[in-house]
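*Asks:* My file is structure-v4.cif. It has mmCIF, C-alpha atoms (C1' of nucleotides):
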data_query
#
loop_
_atom_site.group_PDB
_atom_site.id
_atom_site.type_symbol
_atom_site.label_atom_id
_atom_site.label_comp_id
_atom_site.auth_asym_id
_atom_site.auth_seq_id
_atom_site.Cartn_x
_atom_site.Cartn_y
_atom_site.Cartn_z
ATOM 1 C CA MET A 1 -151.943 -22.795 -99.639
ATOM 2 C CA PHE A 2 -151.866 -25.563 -97.023
ATOM 3 C CA GLU A 3 -150.600 -29.000 -96.403
ATOM 4 C CA LEU A 4 -152.647 -31.482 -94.441
ATOM 5 C CA ASP A 5 -151.497 -34.564 -92.635
ATOM 6 C CA ILE A 6 -154.144 -37.162 -93.341
ATOM 7 C CA ARG A 7 -152.554 -39.723 -91.055
ATOM 8 C CA SER A 8 -152.473 -37.291 -88.132
ATOM 9 C CA ARG A 9 -154.678 -38.044 -85.139
ATOM 10 C CA LYS A 10 -155.604 -34.354 -85.167
ATOM 11 C CA PRO A 11 -158.909 -33.820 -87.032
ATOM 12 C CA ILE A 12 -158.652 -32.171 -90.452
ATOM 13 C CA TYR A 13 -160.891 -29.226 -89.553
ATOM 14 C CA GLU A 14 -158.665 -28.562 -86.551
ATOM 15 C CA GLN A 15 -155.491 -28.657 -88.629
ATOM 16 C CA LEU A 16 -157.185 -26.137 -90.911
ATOM 17 C CA THR A 17 -158.211 -23.701 -88.174
ATOM 18 C CA ASP A 18 -154.722 -23.889 -86.685
ATOM 19 C CA LYS A 19 -152.989 -23.222 -90.011
ATOM 20 C CA ILE A 20 -155.221 -20.301 -90.934
ATOM 21 C CA LYS A 21 -155.021 -18.827 -87.443
ATOM 22 C CA GLU A 22 -151.253 -19.078 -87.675
ATOM 23 C CA MET A 23 -151.174 -17.266 -91.014
ATOM 24 C CA ILE A 24 -153.388 -14.517 -89.616
ATOM 25 C CA VAL A 25 -151.413 -13.916 -86.423
ATOM 26 C CA HIS A 26 -148.157 -13.947 -88.398
ATOM 27 C CA GLY A 27 -149.531 -11.346 -90.780
ATOM 28 C CA VAL A 28 -149.289 -13.628 -93.813
ATOM 29 C CA LEU A 29 -152.994 -13.028 -94.283
ATOM 30 C CA GLN A 30 -153.906 -9.366 -93.989
ATOM 31 C CA PRO A 31 -157.111 -7.857 -92.543
ATOM 32 C CA ASP A 32 -160.033 -7.917 -95.009
ATOM 33 C CA GLU A 33 -158.100 -10.224 -97.316
ATOM 34 C CA GLN A 34 -160.374 -12.785 -98.944
ATOM 35 C CA LEU A 35 -159.906 -16.444 -98.110
ATOM 36 C CA PRO A 36 -160.383 -19.173 -100.723
ATOM 37 C CA SER A 37 -164.022 -20.161 -101.013
ATOM 38 C CA VAL A 38 -165.302 -23.258 -99.277
ATOM 39 C CA ARG A 39 -165.662 -25.103 -102.575
ATOM 40 C CA VAL A 40 -162.320 -24.050 -104.053
ATOM 41 C CA LEU A 41 -160.377 -24.969 -100.947
ATOM 42 C CA SER A 42 -162.247 -28.249 -100.609
ATOM 43 C CA SER A 43 -161.288 -29.292 -104.148
ATOM 44 C CA GLN A 44 -157.708 -28.061 -103.719
ATOM 45 C CA LEU A 45 -157.273 -30.137 -100.597
ATOM 46 C CA THR A 46 -159.527 -32.957 -101.795
ATOM 47 C CA VAL A 47 -161.488 -32.662 -98.600
ATOM 48 C CA ASN A 48 -165.231 -32.527 -98.133
ATOM 49 C CA PRO A 49 -166.756 -29.007 -98.344
ATOM 50 C CA ASN A 50 -168.478 -29.583 -95.013
ATOM 51 C CA THR A 51 -165.111 -30.019 -93.348
ATOM 52 C CA ILE A 52 -163.906 -26.650 -94.694
ATOM 53 C CA GLN A 53 -167.158 -25.062 -93.615
ATOM 54 C CA LYS A 54 -166.698 -26.421 -90.122
ATOM 55 C CA ALA A 55 -163.235 -24.872 -89.918
ATOM 56 C CA TYR A 56 -164.463 -21.506 -91.209
ATOM 57 C CA ARG A 57 -167.396 -21.552 -88.779
ATOM 58 C CA GLU A 58 -165.001 -22.138 -85.894
ATOM 59 C CA LEU A 59 -162.659 -19.354 -87.041
ATOM 60 C CA GLU A 60 -165.619 -16.993 -87.287
ATOM 61 C CA ARG A 61 -166.803 -17.992 -83.829
ATOM 62 C CA GLU A 62 -163.367 -17.116 -82.448
ATOM 63 C CA GLY A 63 -163.373 -13.795 -84.292
ATOM 64 C CA TYR A 64 -160.511 -14.452 -86.692
ATOM 65 C CA ILE A 65 -162.579 -14.195 -89.865
ATOM 66 C CA TYR A 66 -165.992 -12.978 -90.963
ATOM 67 C CA SER A 67 -168.192 -14.365 -93.727
ATOM 68 C CA LEU A 68 -170.608 -12.597 -96.037
ATOM 69 C CA PRO A 69 -173.129 -14.933 -97.694
ATOM 70 C CA GLY A 70 -172.797 -14.619 -101.433
ATOM 71 C CA LYS A 71 -169.499 -12.713 -101.232
ATOM 72 C CA GLY A 72 -166.950 -14.795 -99.381
ATOM 73 C CA SER A 73 -164.939 -15.165 -96.196
ATOM 74 C CA PHE A 74 -162.425 -12.563 -95.081
ATOM 75 C CA VAL A 75 -159.792 -11.987 -92.431
ATOM 76 C CA ALA A 76 -161.294 -9.991 -89.559
ATOM 77 C CA VAL A 77 -159.983 -6.652 -88.409
ATOM 78 C CA LEU A 78 -159.060 -6.769 -84.754
ATOM 79 C CA GLY A 79 -161.291 -4.553 -82.637
ATOM 80 C CA PRO A 80 -161.017 -3.828 -78.903
ATOM 81 C CA GLU A 81 -164.344 -5.503 -78.148
ATOM 82 C CA LEU A 82 -163.052 -8.617 -79.881
ATOM 83 C CA THR A 83 -159.768 -8.811 -78.025
ATOM 84 C CA GLY A 84 -161.495 -8.569 -74.652
ATOM 85 C CA GLY A 85 -162.902 -12.066 -74.474
ATOM 86 C CA ARG A 86 -160.033 -13.623 -76.352
ATOM 87 C CA ARG A 87 -157.441 -11.967 -74.099
ATOM 88 C CA ALA A 88 -158.921 -13.594 -71.010
ATOM 89 C CA GLU A 89 -158.769 -17.004 -72.665
ATOM 90 C CA MET A 90 -155.240 -16.366 -73.873
ATOM 91 C CA ARG A 91 -154.185 -15.299 -70.395
ATOM 92 C CA GLU A 92 -155.301 -18.653 -69.032
ATOM 93 C CA ALA A 93 -153.649 -20.593 -71.840
ATOM 94 C CA LEU A 94 -150.406 -18.684 -71.318
ATOM 95 C CA LEU A 95 -150.434 -19.211 -67.583
ATOM 96 C CA ARG A 96 -151.020 -22.920 -68.016
ATOM 97 C CA LEU A 97 -148.147 -23.252 -70.439
ATOM 98 C CA MET A 98 -145.889 -21.017 -68.336
ATOM 99 C CA ALA A 99 -146.339 -23.337 -65.364
ATOM 100 C CA GLU A 100 -145.094 -26.207 -67.486
ATOM 101 C CA ALA A 101 -142.225 -24.103 -68.811
ATOM 102 C CA VAL A 102 -141.162 -23.156 -65.295
ATOM 103 C CA TYR A 103 -141.203 -26.835 -64.391
ATOM 104 C CA LEU A 104 -138.904 -27.592 -67.326
ATOM 105 C CA GLY A 105 -136.503 -24.906 -66.164
ATOM 106 C CA PHE A 106 -137.198 -22.072 -68.589
ATOM 107 C CA THR A 107 -136.002 -18.732 -67.256
ATOM 108 C CA GLU A 108 -137.781 -15.406 -67.574
ATOM 109 C CA ALA A 109 -135.042 -14.296 -69.952
ATOM 110 C CA GLU A 110 -135.698 -17.241 -72.264
ATOM 111 C CA ILE A 111 -139.409 -16.495 -72.247
ATOM 112 C CA GLY A 112 -138.714 -12.870 -73.107
ATOM 113 C CA GLU A 113 -136.486 -14.030 -75.939
ATOM 114 C CA LEU A 114 -139.294 -16.189 -77.323
ATOM 115 C CA TYR A 115 -141.681 -13.246 -77.137
ATOM 116 C CA ARG A 116 -139.321 -11.043 -79.131
ATOM 117 C CA GLN A 117 -138.872 -13.822 -81.636
ATOM 118 C CA ALA A 118 -142.641 -14.011 -82.145
ATOM 119 C CA LEU A 119 -142.789 -10.232 -82.479
ATOM 120 C CA GLU A 120 -140.084 -10.295 -85.135
ATOM 121 C CA GLN A 121 -141.843 -12.982 -87.117
ATOM 122 C CA LYS A 122 -144.966 -10.880 -87.232
ATOM 123 C CA GLU A 123 -143.148 -7.717 -88.300
ATOM 124 C CA ARG A 124 -141.387 -9.562 -91.101
ATOM 125 C CA GLY A 125 -144.873 -10.601 -92.276
ATOM 126 C CA MET B 1 -158.366 -35.929 -55.974
ATOM 127 C CA PHE B 2 -159.874 -34.827 -59.282
ATOM 128 C CA GLU B 3 -163.039 -33.611 -60.820
ATOM 129 C CA LEU B 4 -164.026 -34.677 -64.288
ATOM 130 C CA ASP B 5 -166.389 -32.990 -66.666
ATOM 131 C CA ILE B 6 -168.345 -35.810 -68.261
ATOM 132 C CA ARG B 7 -170.167 -33.509 -70.635
ATOM 133 C CA SER B 8 -166.924 -31.984 -71.905
ATOM 134 C CA ARG B 9 -165.924 -32.621 -75.519
ATOM 135 C CA LYS B 10 -162.407 -33.261 -74.223
ATOM 136 C CA PRO B 11 -161.798 -37.012 -73.730
ATOM 137 C CA ILE B 12 -161.654 -38.252 -70.159
ATOM 138 C CA TYR B 13 -158.137 -39.684 -70.431
ATOM 139 C CA GLU B 14 -156.974 -36.294 -71.725
ATOM 140 C CA GLN B 15 -158.619 -34.439 -68.850
ATOM 141 C CA LEU B 16 -156.799 -36.823 -66.548
ATOM 142 C CA THR B 17 -153.351 -36.345 -68.078
ATOM 143 C CA ASP B 18 -153.834 -32.579 -68.018
ATOM 144 C CA LYS B 19 -154.893 -32.533 -64.372
ATOM 145 C CA ILE B 20 -152.074 -34.759 -63.187
ATOM 146 C CA LYS B 21 -149.515 -32.913 -65.284
ATOM 147 C CA GLU B 22 -150.781 -29.684 -63.747
ATOM 148 C CA MET B 23 -150.406 -31.030 -60.212
ATOM 149 C CA ILE B 24 -146.882 -32.191 -60.981
ATOM 150 C CA VAL B 25 -145.661 -28.941 -62.508
ATOM 151 C CA HIS B 26 -147.249 -26.960 -59.673
ATOM 152 C CA GLY B 27 -145.459 -29.104 -57.132
ATOM 153 C CA VAL B 28 -148.677 -30.427 -55.606
ATOM 154 C CA LEU B 29 -147.383 -33.891 -56.392
ATOM 155 C CA GLN B 30 -143.778 -34.354 -55.368
ATOM 156 C CA PRO B 31 -141.081 -36.445 -57.108
ATOM 157 C CA ASP B 32 -141.297 -40.180 -56.279
ATOM 158 C CA GLU B 33 -144.689 -39.655 -54.684
ATOM 159 C CA GLN B 34 -147.022 -42.570 -55.392
ATOM 160 C CA LEU B 35 -150.096 -41.987 -57.494
ATOM 161 C CA PRO B 36 -153.377 -43.738 -56.762
ATOM 162 C CA SER B 37 -153.472 -47.175 -58.356
ATOM 163 C CA VAL B 38 -155.303 -47.699 -61.611
ATOM 164 C CA ARG B 39 -158.076 -49.630 -59.898
ATOM 165 C CA VAL B 40 -158.493 -47.251 -56.934
ATOM 166 C CA LEU B 41 -158.656 -44.172 -59.130
ATOM 167 C CA SER B 42 -161.019 -45.856 -61.553
ATOM 168 C CA SER B 43 -163.488 -46.687 -58.785
ATOM 169 C CA GLN B 44 -163.109 -43.248 -57.192
ATOM 170 C CA LEU B 45 -163.937 -41.536 -60.472
ATOM 171 C CA THR B 46 -166.366 -44.266 -61.615
ATOM 172 C CA VAL B 47 -164.414 -44.516 -64.814
ATOM 173 C CA ASN B 48 -163.194 -47.624 -66.594
ATOM 174 C CA PRO B 49 -159.745 -48.875 -65.469
ATOM 175 C CA ASN B 50 -158.602 -48.938 -69.093
ATOM 176 C CA THR B 51 -159.208 -45.213 -69.339
ATOM 177 C CA ILE B 52 -156.987 -44.570 -66.306
ATOM 178 C CA GLN B 53 -154.361 -46.864 -67.728
ATOM 179 C CA LYS B 54 -154.413 -44.953 -70.994
ATOM 180 C CA ALA B 55 -153.811 -41.687 -69.133
ATOM 181 C CA TYR B 56 -150.965 -43.173 -67.086
ATOM 182 C CA ARG B 57 -149.374 -44.678 -70.203
ATOM 183 C CA GLU B 58 -149.445 -41.265 -71.863
ATOM 184 C CA LEU B 59 -147.945 -39.547 -68.800
ATOM 185 C CA GLU B 60 -145.184 -42.148 -68.723
ATOM 186 C CA ARG B 61 -144.506 -41.668 -72.422
ATOM 187 C CA GLU B 62 -144.070 -37.946 -71.804
ATOM 188 C CA GLY B 63 -141.780 -38.588 -68.863
ATOM 189 C CA TYR B 64 -143.969 -37.185 -66.099
ATOM 190 C CA ILE B 65 -144.384 -40.451 -64.221
ATOM 191 C CA TYR B 66 -142.877 -43.925 -64.109
ATOM 192 C CA SER B 67 -144.575 -47.212 -63.361
ATOM 193 C CA LEU B 68 -143.237 -50.315 -61.637
ATOM 194 C CA PRO B 69 -145.324 -53.448 -62.281
ATOM 195 C CA GLY B 70 -146.463 -54.849 -58.976
ATOM 196 C CA LYS B 71 -145.503 -51.710 -57.044
ATOM 197 C CA GLY B 72 -147.329 -48.743 -58.478
ATOM 198 C CA SER B 73 -147.009 -45.495 -60.435
ATOM 199 C CA PHE B 74 -144.868 -42.607 -59.205
ATOM 200 C CA VAL B 75 -144.056 -39.023 -60.062
ATOM 201 C CA ALA B 76 -140.831 -38.908 -62.096
ATOM 202 C CA VAL B 77 -137.751 -37.022 -60.996
ATOM 203 C CA LEU B 78 -136.762 -34.505 -63.625
ATOM 204 C CA GLY B 79 -133.412 -35.372 -65.191
ATOM 205 C CA PRO B 80 -131.444 -33.379 -67.753
ATOM 206 C CA GLU B 81 -131.800 -36.084 -70.408
ATOM 207 C CA LEU B 82 -135.551 -35.943 -69.878
ATOM 208 C CA THR B 83 -135.883 -32.207 -70.158
ATOM 209 C CA GLY B 84 -133.941 -32.124 -73.419
ATOM 210 C CA GLY B 85 -136.618 -33.531 -75.686
ATOM 211 C CA ARG B 86 -139.458 -31.937 -73.780
ATOM 212 C CA ARG B 87 -137.788 -28.526 -73.836
ATOM 213 C CA ALA B 88 -137.685 -28.512 -77.630
ATOM 214 C CA GLU B 89 -141.387 -29.359 -77.785
ATOM 215 C CA MET B 90 -142.172 -26.732 -75.159
ATOM 216 C CA ARG B 91 -140.173 -24.148 -77.081
ATOM 217 C CA GLU B 92 -142.367 -24.726 -80.129
ATOM 218 C CA ALA B 93 -145.578 -24.665 -78.125
ATOM 219 C CA LEU B 94 -144.521 -21.439 -76.436
ATOM 220 C CA LEU B 95 -143.549 -19.782 -79.696
ATOM 221 C CA ARG B 96 -146.864 -20.732 -81.262
ATOM 222 C CA LEU B 97 -148.821 -19.296 -78.360
ATOM 223 C CA MET B 98 -146.608 -16.200 -78.173
ATOM 224 C CA ALA B 99 -147.392 -15.399 -81.811
ATOM 225 C CA GLU B 100 -151.081 -15.436 -80.945
ATOM 226 C CA ALA B 101 -150.462 -13.360 -77.819
ATOM 227 C CA VAL B 102 -148.535 -10.759 -79.817
ATOM 228 C CA TYR B 103 -151.442 -10.617 -82.249
ATOM 229 C CA LEU B 104 -153.837 -9.946 -79.368
ATOM 230 C CA GLY B 105 -151.635 -7.116 -78.159
ATOM 231 C CA PHE B 106 -149.879 -8.664 -75.166
ATOM 232 C CA THR B 107 -146.716 -6.779 -74.237
ATOM 233 C CA GLU B 108 -143.421 -8.290 -73.140
ATOM 234 C CA ALA B 109 -144.056 -6.881 -69.668
ATOM 235 C CA GLU B 110 -147.378 -8.705 -69.417
ATOM 236 C CA ILE B 111 -145.748 -11.945 -70.505
ATOM 237 C CA GLY B 112 -143.044 -11.493 -67.879
ATOM 238 C CA GLU B 113 -145.730 -10.879 -65.287
ATOM 239 C CA LEU B 114 -147.434 -14.152 -66.223
ATOM 240 C CA TYR B 115 -144.145 -15.998 -65.951
ATOM 241 C CA ARG B 116 -143.534 -14.673 -62.434
ATOM 242 C CA GLN B 117 -147.106 -15.591 -61.522
ATOM 243 C CA ALA B 118 -146.476 -19.179 -62.631
ATOM 244 C CA LEU B 119 -143.210 -19.233 -60.698
ATOM 245 C CA GLU B 120 -144.982 -18.028 -57.561
ATOM 246 C CA GLN B 121 -147.653 -20.688 -57.871
ATOM 247 C CA LYS B 122 -145.012 -23.367 -58.004
ATOM 248 C CA GLU B 123 -143.114 -22.031 -55.011
ATOM 249 C CA ARG B 124 -146.265 -21.869 -52.923
ATOM 250 C CA GLY B 125 -146.737 -25.564 -53.747
ATOM 251 C "C1'" DC C 1 -151.090 -67.417 -49.347
ATOM 252 C "C1'" DA C 2 -154.027 -63.253 -49.956
ATOM 253 C "C1'" DA C 3 -154.377 -58.877 -51.554
ATOM 254 C "C1'" DC C 4 -152.450 -55.702 -53.696
ATOM 255 C "C1'" DT C 5 -149.801 -53.629 -57.998
ATOM 256 C "C1'" DG C 6 -149.184 -52.683 -63.497
ATOM 257 C "C1'" DT C 7 -150.100 -54.563 -67.979
ATOM 258 C "C1'" DA C 8 -152.313 -56.841 -71.896
ATOM 259 C "C1'" DT C 9 -156.047 -58.624 -74.633
ATOM 260 C "C1'" DT C 10 -160.511 -59.082 -76.960
ATOM 261 C "C1'" DA C 11 -165.117 -57.702 -77.706
ATOM 262 C "C1'" DT C 12 -168.838 -54.293 -77.639
ATOM 263 C "C1'" DT C 13 -171.044 -49.874 -77.403
ATOM 264 C "C1'" DA C 14 -171.087 -44.727 -77.698
ATOM 265 C "C1'" DA C 15 -169.510 -40.637 -79.564
ATOM 266 C "C1'" DT C 16 -167.303 -37.990 -82.991
ATOM 267 C "C1'" DA C 17 -165.137 -36.936 -87.549
ATOM 268 C "C1'" DA C 18 -165.592 -37.059 -92.275
ATOM 269 C "C1'" DT C 19 -167.916 -37.881 -96.492
ATOM 270 C "C1'" DA C 20 -171.782 -37.551 -99.809
ATOM 271 C "C1'" DG C 21 -175.495 -35.408 -101.897
ATOM 272 C "C1'" DT C 22 -178.771 -31.840 -102.195
ATOM 273 C "C1'" DA C 23 -180.931 -27.470 -101.565
ATOM 274 C "C1'" DC C 24 -181.609 -22.373 -100.936
ATOM 275 C "C1'" DA C 25 -180.569 -17.502 -101.018
ATOM 276 C "C1'" DG C 26 -177.350 -13.541 -101.816
ATOM 277 C "C1'" DT C 27 -173.651 -11.493 -105.186
ATOM 278 C "C1'" DT C 28 -171.603 -10.392 -109.448
ATOM 279 C "C1'" DA C 29 -170.381 -9.910 -114.035
ATOM 280 C "C1'" DA C 30 -171.435 -11.166 -118.810
ATOM 281 C "C1'" DT D 1 -181.730 -11.625 -116.684
ATOM 282 C "C1'" DT D 2 -179.078 -15.458 -116.544
ATOM 283 C "C1'" DA D 3 -174.906 -18.160 -115.395
ATOM 284 C "C1'" DA D 4 -171.542 -18.845 -112.189
ATOM 285 C "C1'" DC D 5 -170.038 -17.769 -108.275
ATOM 286 C "C1'" DT D 6 -170.505 -17.158 -102.890
ATOM 287 C "C1'" DG D 7 -171.968 -18.929 -97.789
ATOM 288 C "C1'" DT D 8 -175.152 -21.777 -95.290
ATOM 289 C "C1'" DA D 9 -178.137 -25.583 -93.873
ATOM 290 C "C1'" DC D 10 -179.750 -30.186 -93.712
ATOM 291 C "C1'" DT D 11 -180.078 -35.327 -93.703
ATOM 292 C "C1'" DA D 12 -177.995 -39.686 -94.233
ATOM 293 C "C1'" DT D 13 -174.015 -42.817 -94.161
ATOM 294 C "C1'" DT D 14 -169.463 -44.490 -93.177
ATOM 295 C "C1'" DA D 15 -165.004 -44.439 -90.663
ATOM 296 C "C1'" DT D 16 -162.550 -43.505 -86.755
ATOM 297 C "C1'" DT D 17 -161.896 -42.971 -82.017
ATOM 298 C "C1'" DA D 18 -163.227 -43.028 -77.043
ATOM 299 C "C1'" DA D 19 -164.992 -45.575 -73.458
ATOM 300 C "C1'" DT D 20 -166.748 -49.605 -71.306
ATOM 301 C "C1'" DA D 21 -166.721 -54.529 -69.945
ATOM 302 C "C1'" DA D 22 -164.761 -58.710 -68.621
ATOM 303 C "C1'" DT D 23 -160.675 -61.459 -68.031
ATOM 304 C "C1'" DA D 24 -156.101 -62.843 -67.530
ATOM 305 C "C1'" DC D 25 -151.152 -62.876 -66.132
ATOM 306 C "C1'" DA D 26 -147.016 -61.736 -63.589
ATOM 307 C "C1'" DG D 27 -144.548 -59.052 -59.996
ATOM 308 C "C1'" DT D 28 -144.786 -57.192 -54.940
ATOM 309 C "C1'" DT D 29 -145.752 -57.211 -50.172
ATOM 310 C "C1'" DG D 30 -147.185 -58.253 -45.553
#
Translate the structure described by the file into structure tokens.

*Replies:*
Amino acid sequence: MFELDIRSRKPIYEQLTDKIKEMIVHGVLQPDEQLPSVRVLSSQLTVNPNTIQKAYRELEREGYIYSLPGKGSFVAVLGPELTGGRRAEMREALLRLMAEAVYLGFTEAEIGELYRQALEQKERG
Amino acid sequence: MFELDIRSRKPIYEQLTDKIKEMIVHGVLQPDEQLPSVRVLSSQLTVNPNTIQKAYRELEREGYIYSLPGKGSFVAVLGPELTGGRRAEMREALLRLMAEAVYLGFTEAEIGELYRQALEQKERG
DNA sequence: CAACTGTATTATTAATAATAGTACAGTTAA
DNA sequence: TTAACTGTACTATTATTAATAATACAGTTG
């Protein structure tokens, strides 16, 4: 399911949250789809279960997944109340990155092109 | 010049690089403008000189500043050869964030609006 | 020459990431 | 009902990284 870079300076649990988040926003993982269990994924990746749990906890905190004790962890369905808080954060993150992009000479047209590219990727699943 | 959040989980040297980068891309710091010396900034922020040096080294590696031993550290002038490598990285970073923005329901119009907002901020200095 | 500059080095401490091992309670199917 | 799953919580230990501390050296400048 994943590939981890052990020698990366980026912590393992962070690589995990990023990968899973990416699969969710690209539609590779569908709403309510079950994720591999903490123990299964930990043995697949030969990583400590606690590290997987930490990643899942973070994803749940950010609203990307939900966990049911005894059942499993699942991709969250996006509700309007959820997007509210996240949208504000995303707005800031976008603005910060846009400032850097402007500095590097990106035009509005190029940005628009990147947006459409992201949209396409999602629609292709 | 800066404010640091000691209790933040983000490392101090990283807060520093982010702040300075931000001031450069927003035009607050102009090309060839001299930055405070390692020692001055370290005593102003009551932070170890090595931490400042680490931040400056990182900024130099990314091409945002240049340092002349004995003279000081200065804001880099943006050249085409410099932007090349950085633009590719920025393209990836933008695409990654765009995918998340699409997922959260941002429209192309909203993205364009954010771009123009960033542009404005730069022009106002 | 004196007082700056960046840079490098080594050692030490503080904070964080990751592992290891164990335990408990809910779910599910044999 | 039991066996094998699930998530969750906790403590302890090790490994890695961040930050500090104290010097040192060479180039620059008035």

*Asks:* Wanna dump the chain B-chain A contacts at 12 Å for me, each residue with its shortest atom pair and the distance in Å to one decimal, counting only C-alpha atoms, ordered by chain and number, as a Markdown table?

*Replies:*
| residue | atom | partner | partner_atom | distance |
| --- | --- | --- | --- | --- |
| B:Asp18 | CA | A:Arg96 | CA | 10.1 |
| B:Lys19 | CA | A:Arg96 | CA | 11.0 |
| B:Ile20 | CA | A:Glu100 | CA | 11.8 |
| B:Lys21 | CA | A:Glu100 | CA | 8.3 |
| B:Glu22 | CA | A:Glu100 | CA | 7.6 |
| B:Met23 | CA | A:Ala99 | CA | 10.1 |
| B:Ile24 | CA | A:Tyr103 | CA | 8.5 |
| B:Val25 | CA | A:Tyr103 | CA | 5.3 |
| B:His26 | CA | A:Ala99 | CA | 6.8 |
| B:Gly27 | CA | A:Tyr103 | CA | 8.7 |
| B:Gly63 | CA | A:Leu104 | CA | 11.5 |
| B:Tyr64 | CA | A:Tyr103 | CA | 10.8 |
| B:Val77 | CA | A:Tyr103 | CA | 11.3 |
| B:Leu78 | CA | A:Leu104 | CA | 8.1 |
| B:Gly79 | CA | A:Leu104 | CA | 9.8 |
| B:Pro80 | CA | A:Leu104 | CA | 9.5 |
| B:Glu81 | CA | A:Leu104 | CA | 11.5 |
| B:Leu82 | CA | A:Leu104 | CA | 9.4 |
| B:Thr83 | CA | A:Leu104 | CA | 6.2 |
| B:Gly84 | CA | A:Leu104 | CA | 9.1 |
| B:Gly85 | CA | A:Leu104 | CA | 10.5 |
| B:Arg86 | CA | A:Leu104 | CA | 7.8 |
| B:Arg87 | CA | A:Leu104 | CA | 6.7 |
| B:Ala88 | CA | A:Leu104 | CA | 10.4 |
| B:Glu89 | CA | A:Ala101 | CA | 10.4 |
| B:Met90 | CA | A:Ala101 | CA | 6.9 |
| B:Arg91 | CA | A:Leu114 | CA | 8.0 |
| B:Glu92 | CA | A:Leu114 | CA | 9.5 |
| B:Ala93 | CA | A:Leu97 | CA | 8.2 |
| B:Leu94 | CA | A:Leu97 | CA | 7.2 |
| B:Leu95 | CA | A:Leu114 | CA | 6.1 |
| B:Arg96 | CA | A:Glu22 | CA | 7.9 |
| B:Leu97 | CA | A:Leu94 | CA | 7.2 |
| B:Met98 | CA | A:Tyr115 | CA | 5.8 |
| B:Ala99 | CA | A:Ala118 | CA | 5.0 |
| B:Glu100 | CA | A:Val25 | CA | 5.7 |
| B:Ala101 | CA | A:Met90 | CA | 6.9 |
| B:Val102 | CA | A:Leu119 | CA | 6.4 |
| B:Tyr103 | CA | A:Val25 | CA | 5.3 |
| B:Leu104 | CA | A:Thr83 | CA | 6.2 |
| B:Gly105 | CA | A:Thr83 | CA | 8.3 |
| B:Phe106 | CA | A:Arg87 | CA | 8.3 |
| B:Thr107 | CA | A:Tyr115 | CA | 8.7 |
| B:Glu108 | CA | A:Gly112 | CA | 6.6 |
| B:Ala109 | CA | A:Gly112 | CA | 8.7 |
| B:Glu110 | CA | A:Arg91 | CA | 9.5 |
| B:Ile111 | CA | A:Gly112 | CA | 7.6 |
| B:Gly112 | CA | A:Glu108 | CA | 6.6 |
| B:Glu113 | CA | A:Glu108 | CA | 9.4 |
| B:Leu114 | CA | A:Leu95 | CA | 6.0 |
| B:Tyr115 | CA | A:Met98 | CA | 5.8 |
| B:Arg116 | CA | A:Glu108 | CA | 7.7 |
| B:Gln117 | CA | A:Leu95 | CA | 7.8 |
| B:Ala118 | CA | A:Ala99 | CA | 5.0 |
| B:Leu119 | CA | A:Val102 | CA | 6.4 |
| B:Glu120 | CA | A:Ala99 | CA | 9.5 |
| B:Gln121 | CA | A:Ala99 | CA | 8.1 |
| B:Lys122 | CA | A:Ala99 | CA | 7.5 |
| B:Glu123 | CA | A:Val102 | CA | 10.5 |
| B:Gly125 | CA | A:Ala99 | CA | 11.8 |

*Asks:* Report as JSON lines the residues of chain C within 12 Å of chain B, each with its shortest atom pair and distance in Å (one decimal), using only C-alpha atoms (C1' of nucleotides), ordered by chain and increasing residue number.

*Replies:*
{"residue": "C:DA3", "atom": "C1'", "partner": "B:Gly70", "partner_atom": "CA", "distance": 11.6}
{"residue": "C:DC4", "atom": "C1'", "partner": "B:Gly70", "partner_atom": "CA", "distance": 8.0}
{"residue": "C:DT5", "atom": "C1'", "partner": "B:Gly70", "partner_atom": "CA", "distance": 3.7}
{"residue": "C:DG6", "atom": "C1'", "partner": "B:Pro69", "partner_atom": "CA", "distance": 4.1}
{"residue": "C:DT7", "atom": "C1'", "partner": "B:Pro69", "partner_atom": "CA", "distance": 7.5}
{"residue": "C:DA8", "atom": "C1'", "partner": "B:Asn50", "partner_atom": "CA", "distance": 10.5}
{"residue": "C:DT9", "atom": "C1'", "partner": "B:Asn50", "partner_atom": "CA", "distance": 11.4}
{"residue": "C:DA15", "atom": "C1'", "partner": "B:Arg9", "partner_atom": "CA", "distance": 9.7}
{"residue": "C:DT16", "atom": "C1'", "partner": "B:Arg9", "partner_atom": "CA", "distance": 9.3}

*Asks:* Can you write just those residues out, C-alpha atoms (C1' of nucleotides), as a CSV table (one decimal), keeping the file's coordinate frame?

*Replies:*
chain,number,residue,atom,x,y,z
C,3,DA,C1',-154.4,-58.9,-51.6
C,4,DC,C1',-152.4,-55.7,-53.7
C,5,DT,C1',-149.8,-53.6,-58.0
C,6,DG,C1',-149.2,-52.7,-63.5
C,7,DT,C1',-150.1,-54.6,-68.0
C,8,DA,C1',-152.3,-56.8,-71.9
C,9,DT,C1',-156.0,-58.6,-74.6
C,15,DA,C1',-169.5,-40.6,-79.6
C,16,DT,C1',-167.3,-38.0,-83.0

*Asks:* Got a sec to resolve the PyMOL selection byres ((chain D) within 8 of (chain B)) on this structure and send the residues as a VMD selection string?

*Replies:* chain D and resid 18 to 20 27 to 28

*Asks:* Atom CA of Thr46 of chain A and atom C1' of DA29 of chain C, how far apart in Å?

*Replies:*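 Calculated distance between atom C1' of DA29 of chain C and atom CA of Thr46 of chain A is 28.3 Å.
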
*Asks:* Once the PyMOL selection byres ((chain B and resi 55) around 7) is applied to the coordinates I shared, what remains selected? I want it as a ChimeraX atom specification.

*Replies:* /B:13-14,16-17,51-54,56-59

*Asks:* Just give me the gap between atom CA of Met1 of chain A and atom CA of Glu33 of chain A in Å, one decimal is fine.

*Replies:*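 A separation of 14.2 Å between them.
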